[in-house]
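Heads up, the thing below is written out as structure tokens.
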Amino acid sequence: MSLDYVKFSNGFERFMPKEYRDMVEHGPFGKKVSVSQMGSFKEILEEHPMCAGCAMTLFIRLAMIAVPNPEDTIMVGTAGCGRLAISQAAIPFVYGNYGDQNGVASGLSRGLRLRFGDKPKDVVVMAGDGGTADIGFQQVLHSWFRKERFTTIMLDNEVYGNTGGQESGMTSRGAVLKMAPLGKKFEKMDMLQMAKVAGCAYVATVVPNNPRRVESVIKKAVLIAREVGSTYIQAYTSCNIEYAIPTDKVMEDAKNVENDRYQFTEYVSEEAKQYLAERYGYKEFLPKPAAPAGAIPNKA
Amino acid sequence: MSEAEVKNSPATSVAAPKAEAKKDPHAEAKKQRVVTPEYMFHEAPRTKEFITGSEAAKEAIRRSNVDLAIAYPITPQSETMQLVGVLYGEGYVKEYYRGEEEVGVMAAIAGGSRSGVRCYTATAGPGTLRGLEGIASWPGHRLPAVAMFTCRVVNAPLAIQPDNIEVAYLLNCGMIVFHAENQQDMFDFTMAGFIISEKNDVTLPVGVCCDGFFVTHARGYVRMQERGIKLPPREAYHGAVPVLDAENPPARLSRDAPVQKSNFMAYNIHAVWQQEVWAAVERSRKYINQYMGGLLTAENVDGAEAVIIASGSACAQSREAVRICAEKGIKIGLIKVRSLRPFPTKELRELCKNAKLIVVPEFNIVGWLAKEVATAIYGYSKAKIIGGPRVYGGQSMPVELIVDEVESGLTGKKSTNVAMSQVMGGTVNQDDVAHFMRSI
């Protein structure tokens, strides 16, 4: 267990900042916490430099709560708004080069398996829509085809937020943004379909205004990636700055977008269903009991 | 040959042999025993084999206890990494796969090294430049690993021919760079590379360069230790920065948001970090001396009026040129530079202090070695430095070209093969060399 690294060395406790002591004493490490308990424990991500009203930040907070073993989790990301928050969290984070997150995660997760065998070391990639669908596209798709055992989460704000509002592959057709002065001329990339074609064992879409669902999909995705194969979550995490969404309307926008192009979808491969049911007791994926012999159809 | 004989002939491809009844393919690898680097490099008995450079690299990896190797084909490197794949099949390498292309491969090597395991890859020419964003970031992330670069043409018009211009790019990454002359160097430098790379006060990647085809595809004698011994494994917790395994607190490297901001702290953090990277390159000198016997080798330099300085396969032609010059009664020596980063500055200043003429033959058009030499000995030697002859794009290096430069250099005759702008130092007219001095 790597819980030791979040503990104090003997005699050093009183010299540690309060934030750190809170994390050790009231943090989620080694405990089971849930989004419904938010406010009653110290979160892995609290302080961050993100814009007021940023839905991506809420999603990242929820994701940090949802990971099943925060003390044995390593996150990997790339350039973009998201990493400004992810790098402030009490989970080790790798920020490598542009769009290299799925390549780094491939080497990292394979190396950790060589060193730690069956002991879970969860690698979770969290990168933006530009990092995932544009500059990192090749490495993302190939890691899926290779069935690399880690989770990829796309923080989809449908724009290059960190560089100041340019069109991305995940921008909807027609949206007028920088570098798309006449409106985007092609469709939003269907990364969900590509994830399925590439053989991901689990593919889901979420919006941040449903915390329990965010928690549920991330838990499943991370658990499945331990043994079954690649998993992919695509989260709508609006950019209220570049899309000029009033701060108090951010959740309303998420609801509207959910109804428009981000309806909840979840694909779980048969192997992943069986694995979740047998290893982690997910009842909804247990095989349906066969109808008793002699039962009369259309009766009862 | 009958059909039956054809079927029974030994496999010449790298395809996995048909499984024989329950024989453990890893049996030999499992019997390997770990020995100290000192024993491996200095004491272990060696036997001589006549093999290609790619095979020499394979044999080095067999004895280097490599955990993760990632392959991607590009000429003339492909054979090397597919032979490493054979080692994976035999259990000498624990994990191996064919990556998507070089950007992805270099990223995955970075991930593997961060996880604390020993990593190896190889590429060439355009592959090196394609992966360069990642390669150039390895030193800053303090990632030990060994990468082999089997140099070839990178510029247009593209060719697969030998040309070591890509070394010029690698020299400025902050990594350690060796240049192998032959198959023996490929073998020795690769193995020593892992040990030097993982030293606590180094913790840097090592690039082992060689001139493609001349070394990779040609055969030479290589003296090797027995197959049954290997280097100690990488000690994940011996690095200068913690590995990312969630077992110990992570280093606040580029995950630290302030580094990404434009303020004094950001500039300062980047500056001191890069200073430390290059200081680590400097600290590797003692290990290169210890395990490889020096950053350079010098032959016949004492009392020589002319010295040829070369690296890589140019050393072979230079050695022949030295022989011919000696027959003509010219007192001439040869310095072979093995380590380009760190560069043997002190050694060259000492060795060249009395030389009248230095000739630097190279397999590239820009003359990166001549610039390195001139910079290193500036003010320490009055020698005239001839930055040439140079061949590129796959041309071979006629020994006569080198001999011509030595003879004309000593007599003061104008060279027909080396432009005046490539001549430096000595009593040369400064106007003639102005172009060169501007470009270094």
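FYI, nothing fancy with the structure tokens labels: chains A, B, ... in order, residues from 1 per chain, ligands from 1 as they appear.
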List every residue of chain B that has an atom at most 9 Å from any atom of chain A, giving for each one its closest atom pair and the distance in Å to one decimal, counting only C-alpha atoms, sorted by chain and then by ascending residue number, as JSON lines.
{"residue": "B:Asp67", "atom": "CA", "partner": "A:Leu114", "partner_atom": "CA", "distance": 7.7}
{"residue": "B:Leu68", "atom": "CA", "partner": "A:Gly111", "partner_atom": "CA", "distance": 7.1}
{"residue": "B:Ile70", "atom": "CA", "partner": "A:Gly107", "partner_atom": "CA", "distance": 8.8}
{"residue": "B:Lys94", "atom": "CA", "partner": "A:Leu114", "partner_atom": "CA", "distance": 7.8}
{"residue": "B:Glu95", "atom": "CA", "partner": "A:Arg110", "partner_atom": "CA", "distance": 7.7}
{"residue": "B:Gly99", "atom": "CA", "partner": "A:His142", "partner_atom": "CA", "distance": 8.3}
{"residue": "B:Glu100", "atom": "CA", "partner": "A:His142", "partner_atom": "CA", "distance": 6.4}
{"residue": "B:Glu101", "atom": "CA", "partner": "A:Gln139", "partner_atom": "CA", "distance": 8.8}
{"residue": "B:Val103", "atom": "CA", "partner": "A:Asp100", "partner_atom": "CA", "distance": 7.5}
{"residue": "B:Gly104", "atom": "CA", "partner": "A:Gly103", "partner_atom": "CA", "distance": 5.0}
{"residue": "B:Val105", "atom": "CA", "partner": "A:Gly103", "partner_atom": "CA", "distance": 6.9}
{"residue": "B:Met106", "atom": "CA", "partner": "A:Gly103", "partner_atom": "CA", "distance": 7.9}
{"residue": "B:Ala107", "atom": "CA", "partner": "A:Val104", "partner_atom": "CA", "distance": 4.7}
{"residue": "B:Ala108", "atom": "CA", "partner": "A:Gly107", "partner_atom": "CA", "distance": 4.2}
{"residue": "B:Ile109", "atom": "CA", "partner": "A:Gly107", "partner_atom": "CA", "distance": 5.9}
{"residue": "B:Ala110", "atom": "CA", "partner": "A:Val104", "partner_atom": "CA", "distance": 6.0}
{"residue": "B:Gly111", "atom": "CA", "partner": "A:Val104", "partner_atom": "CA", "distance": 4.1}
{"residue": "B:Gly112", "atom": "CA", "partner": "A:Gly107", "partner_atom": "CA", "distance": 4.1}
{"residue": "B:Ser113", "atom": "CA", "partner": "A:Leu108", "partner_atom": "CA", "distance": 7.5}
{"residue": "B:Arg114", "atom": "CA", "partner": "A:Leu108", "partner_atom": "CA", "distance": 6.6}
{"residue": "B:Ser115", "atom": "CA", "partner": "A:Leu108", "partner_atom": "CA", "distance": 5.2}
{"residue": "B:Gly116", "atom": "CA", "partner": "A:Gly111", "partner_atom": "CA", "distance": 7.0}
{"residue": "B:Val117", "atom": "CA", "partner": "A:Gly111", "partner_atom": "CA", "distance": 5.9}
{"residue": "B:Arg118", "atom": "CA", "partner": "A:Gly111", "partner_atom": "CA", "distance": 8.8}
{"residue": "B:Glu133", "atom": "CA", "partner": "A:Asn97", "partner_atom": "CA", "distance": 7.4}
{"residue": "B:Gly134", "atom": "CA", "partner": "A:Asn97", "partner_atom": "CA", "distance": 6.6}
{"residue": "B:Ser137", "atom": "CA", "partner": "A:Asn97", "partner_atom": "CA", "distance": 7.7}
{"residue": "B:His141", "atom": "CA", "partner": "A:Gly96", "partner_atom": "CA", "distance": 8.4}
{"residue": "B:Leu244", "atom": "CA", "partner": "A:Pro92", "partner_atom": "CA", "distance": 7.0}
{"residue": "B:Asp245", "atom": "CA", "partner": "A:Leu112", "partner_atom": "CA", "distance": 6.9}
{"residue": "B:Ala246", "atom": "CA", "partner": "A:Asp72", "partner_atom": "CA", "distance": 5.5}
{"residue": "B:Glu247", "atom": "CA", "partner": "A:Ser2", "partner_atom": "CA", "distance": 4.7}
{"residue": "B:Asn248", "atom": "CA", "partner": "A:Tyr5", "partner_atom": "CA", "distance": 5.0}
{"residue": "B:Pro249", "atom": "CA", "partner": "A:Tyr5", "partner_atom": "CA", "distance": 6.0}
{"residue": "B:Pro250", "atom": "CA", "partner": "A:Pro92", "partner_atom": "CA", "distance": 5.8}
{"residue": "B:Ala251", "atom": "CA", "partner": "A:Pro92", "partner_atom": "CA", "distance": 8.5}
{"residue": "B:Leu253", "atom": "CA", "partner": "A:Tyr95", "partner_atom": "CA", "distance": 8.6}
{"residue": "B:Ser254", "atom": "CA", "partner": "A:Tyr95", "partner_atom": "CA", "distance": 6.2}
{"residue": "B:Arg255", "atom": "CA", "partner": "A:Ser87", "partner_atom": "CA", "distance": 5.3}
{"residue": "B:Asp256", "atom": "CA", "partner": "A:Ser87", "partner_atom": "CA", "distance": 6.5}
{"residue": "B:Ala257", "atom": "CA", "partner": "A:Leu84", "partner_atom": "CA", "distance": 6.1}
{"residue": "B:Gln260", "atom": "CA", "partner": "A:Leu84", "partner_atom": "CA", "distance": 9.0}
Contacts of Glu405 of chain B within 9 Å, only C-alpha atoms, excl. fewer than 3 positions in-chain, as an MDAnalysis selection string = chainID B and resid 359 386 388:389 400:402 408:410 415:418
For the residues in that selection, give me N, CA and C atoms as a PDB file, in the first residue's frame.
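Result file follows (selection_18.pdb):
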ATOM      1  N   VAL B 359      42.765  18.247 -38.835  1.00  0.00           N
ATOM      2  CA  VAL B 359      41.838  17.952 -39.936  1.00  0.00           C
ATOM      3  C   VAL B 359      40.645  17.207 -39.349  1.00  0.00           C
ATOM      4  N   ILE B 386      41.165  22.465 -40.297  1.00  0.00           N
ATOM      5  CA  ILE B 386      40.459  22.281 -41.569  1.00  0.00           C
ATOM      6  C   ILE B 386      39.173  21.498 -41.298  1.00  0.00           C
ATOM      7  N   GLY B 388      36.952  19.632 -42.639  1.00  0.00           N
ATOM      8  CA  GLY B 388      36.647  18.792 -43.793  1.00  0.00           C
ATOM      9  C   GLY B 388      37.721  17.736 -43.928  1.00  0.00           C
ATOM     10  N   PRO B 389      37.682  16.889 -44.902  1.00  0.00           N
ATOM     11  CA  PRO B 389      36.638  16.841 -45.935  1.00  0.00           C
ATOM     12  C   PRO B 389      35.294  16.364 -45.377  1.00  0.00           C
ATOM     13  N   GLU B 400      41.939   9.206 -49.680  1.00  0.00           N
ATOM     14  CA  GLU B 400      42.797  10.189 -50.342  1.00  0.00           C
ATOM     15  C   GLU B 400      42.366  11.624 -50.031  1.00  0.00           C
ATOM     16  N   LEU B 401      41.075  11.829 -49.880  1.00  0.00           N
ATOM     17  CA  LEU B 401      40.588  13.179 -49.567  1.00  0.00           C
ATOM     18  C   LEU B 401      41.190  13.672 -48.259  1.00  0.00           C
ATOM     19  N   ILE B 402      41.234  12.772 -47.290  1.00  0.00           N
ATOM     20  CA  ILE B 402      41.769  13.156 -45.981  1.00  0.00           C
ATOM     21  C   ILE B 402      43.280  13.406 -46.103  1.00  0.00           C
ATOM     22  N   SER B 408      48.096  19.292 -48.001  1.00  0.00           N
ATOM     23  CA  SER B 408      47.953  20.698 -48.404  1.00  0.00           C
ATOM     24  C   SER B 408      47.939  21.609 -47.181  1.00  0.00           C
ATOM     25  N   GLY B 409      47.360  21.117 -46.097  1.00  0.00           N
ATOM     26  CA  GLY B 409      47.320  21.904 -44.865  1.00  0.00           C
ATOM     27  C   GLY B 409      48.716  22.187 -44.340  1.00  0.00           C
ATOM     28  N   LEU B 410      49.597  21.199 -44.446  1.00  0.00           N
ATOM     29  CA  LEU B 410      50.953  21.378 -43.923  1.00  0.00           C
ATOM     30  C   LEU B 410      51.819  22.220 -44.852  1.00  0.00           C
ATOM     31  N   SER B 415      43.280  24.030 -50.645  1.00  0.00           N
ATOM     32  CA  SER B 415      42.586  22.767 -50.845  1.00  0.00           C
ATOM     33  C   SER B 415      41.597  22.888 -51.987  1.00  0.00           C
ATOM     34  N   THR B 416      41.441  21.805 -52.737  1.00  0.00           N
ATOM     35  CA  THR B 416      40.432  21.824 -53.796  1.00  0.00           C
ATOM     36  C   THR B 416      39.113  21.245 -53.310  1.00  0.00           C
ATOM     37  N   ASN B 417      39.104  20.638 -52.131  1.00  0.00           N
ATOM     38  CA  ASN B 417      37.900  19.965 -51.644  1.00  0.00           C
ATOM     39  C   ASN B 417      37.217  20.669 -50.476  1.00  0.00           C
ATOM     40  N   VAL B 418      37.984  21.485 -49.763  1.00  0.00           N
ATOM     41  CA  VAL B 418      37.412  22.152 -48.593  1.00  0.00           C
ATOM     42  C   VAL B 418      37.392  23.650 -48.848  1.00  0.00           C
TER      43      VAL B 418
END
request  = Find the spatial neighbours of Val167 of chain B, counting only C-alpha atoms, within a cut-off of 12 Å - ignore same-chain residues fewer than 2 positions away - and output them as a count of residues only.
outcome  = 45
ask   = Among segment 65-126 of chain A, which ones does DSSP place in helix (DSSP H, G or I), written as a list in words?
value =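 Of segment 65-126 of chain A, the ones in helix (DSSP H, G or I) are Ile65, Ala66, Pro70, Glu71, Asp72, Gly82, Arg83, Leu84, Ala85, Ile86, Gln101, Asn102, Gly103, Val104, Ala105, Ser106, Gly107, Leu108, Ser109, Arg110, Gly111, Leu112, Arg113, Leu114, Arg115 and Phe116 of chain A.
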request  = Excluding Gln193 of chain A and residues on its chain fewer than 5 positions from it, collect all residues at most 12 Å away from it, counting only C-alpha atoms, and give them as number ranges by chain.
outcome  = A: 141, 188, 198-200, 202-205, 232-234, 265-267
Restricting it to N, CA and C atoms, dump the selection as a tab-separated table (two decimals), in the first residue's frame.
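Wrote it out as result-v2.tsv, contents follow:
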chain	number	residue	atom	x	y	z
A	141	LEU	N	-5.89	6.92	-30.44
A	141	LEU	CA	-6.49	5.79	-31.18
A	141	LEU	C	-5.62	4.54	-31.08
A	188	LYS	N	-18.71	17.96	-35.57
A	188	LYS	CA	-18.02	17.56	-34.35
A	188	LYS	C	-17.54	16.12	-34.53
A	198	ALA	N	-12.39	1.16	-32.13
A	198	ALA	CA	-11.01	0.83	-31.74
A	198	ALA	C	-10.95	-0.22	-30.64
A	199	GLY	N	-12.11	-0.61	-30.13
A	199	GLY	CA	-12.12	-1.73	-29.20
A	199	GLY	C	-12.11	-1.38	-27.72
A	200	CYS	N	-12.50	-0.15	-27.37
A	200	CYS	CA	-12.57	0.19	-25.95
A	200	CYS	C	-13.60	-0.71	-25.26
A	202	TYR	N	-15.11	0.08	-22.49
A	202	TYR	CA	-16.12	0.90	-21.82
A	202	TYR	C	-16.08	2.29	-22.43
A	203	VAL	N	-17.24	2.81	-22.83
A	203	VAL	CA	-17.33	4.14	-23.42
A	203	VAL	C	-18.55	4.83	-22.84
A	204	ALA	N	-18.37	6.04	-22.31
A	204	ALA	CA	-19.52	6.74	-21.73
A	204	ALA	C	-19.42	8.23	-21.96
A	205	THR	N	-20.58	8.88	-22.00
A	205	THR	CA	-20.63	10.35	-22.05
A	205	THR	C	-21.26	10.84	-20.76
A	232	TYR	N	-12.98	4.76	-22.11
A	232	TYR	CA	-13.03	6.16	-22.57
A	232	TYR	C	-14.27	6.85	-22.03
A	233	ILE	N	-14.05	8.01	-21.44
A	233	ILE	CA	-15.16	8.84	-20.97
A	233	ILE	C	-15.04	10.20	-21.64
A	234	GLN	N	-16.13	10.65	-22.20
A	234	GLN	CA	-16.15	11.96	-22.84
A	234	GLN	C	-17.09	12.85	-22.05
A	265	THR	N	-24.83	8.24	-22.59
A	265	THR	CA	-24.72	6.94	-23.27
A	265	THR	C	-23.65	6.14	-22.54
A	266	GLU	N	-23.83	4.87	-22.48
A	266	GLU	CA	-22.85	4.02	-21.82
A	266	GLU	C	-22.76	2.70	-22.59
A	267	TYR	N	-21.56	2.38	-23.03
A	267	TYR	CA	-21.34	1.10	-23.69
A	267	TYR	C	-20.40	0.29	-22.80
message = Between B:Asn300, B:Gln183, B:Gln161, B:Gln275, which residue has the minimum interatomic distance to Val391 of chain B, considering only C-alpha atoms?
response =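 With only C-alpha atoms as the atom set, the closest residue is B:Gln161.
The space separating atom CA of Gln422 of chain B from atom CA of Ile309 of chain B comes to 14.8 Å.
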request  = Report the distance between atom CA of Tyr120 of chain B and atom CA of Val125 of chain A in Å, rounded to one decimal place.
outcome  =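 Between atom CA of Tyr120 of chain B and atom CA of Val125 of chain A the gap is 23.5 Å.
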ask   = What is the distance between atom CA of Val250 of chain A and atom CA of Ile135 of chain A, in Å to one decimal?
value = 27.4 Å
Identify, on the basis of only C-alpha atoms, every residue whose closest approach to Phe194 of chain B does not exceed 12 Å; exclude the query and any residue fewer than 2 positions from it along the same chain; express the result as an mmCIF file with C-alpha atoms, in the first residue's frame.
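To be explicit, this is the file written out as result.cif:
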data_model
loop_
_atom_site.group_PDB
_atom_site.id
_atom_site.type_symbol
_atom_site.label_atom_id
_atom_site.label_comp_id
_atom_site.auth_asym_id
_atom_site.auth_seq_id
_atom_site.Cartn_x
_atom_site.Cartn_y
_atom_site.Cartn_z
ATOM 1 C CA PRO B 37 29.080 -3.351 -13.990
ATOM 2 C CA ALA B 60 24.229 -5.623 -25.691
ATOM 3 C CA ILE B 61 20.516 -5.560 -24.851
ATOM 4 C CA ARG B 63 23.146 -8.518 -21.269
ATOM 5 C CA SER B 64 21.606 -5.221 -20.101
ATOM 6 C CA ASN B 65 18.573 -6.390 -18.098
ATOM 7 C CA VAL B 66 16.166 -4.247 -20.117
ATOM 8 C CA ASP B 67 12.561 -4.084 -18.912
ATOM 9 C CA SER B 113 11.172 5.569 -17.600
ATOM 10 C CA VAL B 117 11.893 0.532 -15.374
ATOM 11 C CA ARG B 118 14.865 0.294 -17.756
ATOM 12 C CA CYS B 119 13.851 1.405 -21.253
ATOM 13 C CA TYR B 120 15.394 1.122 -24.697
ATOM 14 C CA LEU B 143 14.478 10.259 -17.481
ATOM 15 C CA PRO B 144 17.168 7.586 -17.643
ATOM 16 C CA ALA B 145 16.952 5.477 -20.819
ATOM 17 C CA VAL B 146 19.118 4.497 -23.758
ATOM 18 C CA ALA B 147 18.173 5.348 -27.328
ATOM 19 C CA MET B 148 20.145 4.319 -30.365
ATOM 20 C CA ILE B 176 24.460 12.326 -23.100
ATOM 21 C CA PHE B 187 28.026 -3.141 -28.052
ATOM 22 C CA ASP B 188 30.139 -1.422 -25.391
ATOM 23 C CA PHE B 189 28.578 2.054 -25.497
ATOM 24 C CA THR B 190 25.027 0.686 -25.278
ATOM 25 C CA MET B 191 25.714 -1.373 -22.167
ATOM 26 C CA ALA B 192 27.748 1.331 -20.450
ATOM 27 C CA ILE B 196 25.843 5.843 -16.703
ATOM 28 C CA SER B 197 22.283 6.965 -17.463
ATOM 29 C CA GLU B 198 20.993 5.638 -14.134
ATOM 30 C CA LYS B 199 23.734 7.034 -11.879
ATOM 31 C CA VAL B 202 23.477 11.836 -13.761
ATOM 32 C CA THR B 203 19.840 10.627 -14.179
ATOM 33 C CA LEU B 204 19.776 11.495 -17.873
ATOM 34 C CA PRO B 205 19.018 9.682 -21.125
ATOM 35 C CA VAL B 206 21.929 8.420 -23.203
ATOM 36 C CA GLY B 207 21.908 8.497 -26.987
ATOM 37 C CA VAL B 208 24.194 6.052 -28.753
ATOM 38 C CA LYS B 230 23.614 -9.448 -17.215
ATOM 39 C CA LEU B 231 23.870 -6.003 -15.640
ATOM 40 C CA PRO B 232 22.071 -5.272 -12.359
ATOM 41 C CA PRO B 233 18.462 -4.096 -12.819
ATOM 42 C CA ARG B 234 17.507 -0.430 -12.654
ATOM 43 C CA GLU B 235 17.038 0.698 -9.076
ATOM 44 C CA TYR B 287 31.556 7.494 -15.252
ATOM 45 C CA ILE B 288 32.471 7.635 -18.945
ATOM 46 C CA TYR B 291 33.247 2.410 -17.652
#
request  = Find the residues around Ile218 of chain A up to 8 Å (only C-alpha atoms counted), leave out those fewer than 2 positions away in its own chain, and share them as JSON, numbers by chain.
outcome  = {"A": [63, 66, 67, 214, 215, 216, 220, 221, 222, 233]}
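Distances from A:Ser34, A:Ser230, A:Gln274, A:Asn259 to Phe150 of chain A were compared using only C-alpha atoms, and the smallest one belongs to A:Ser230.
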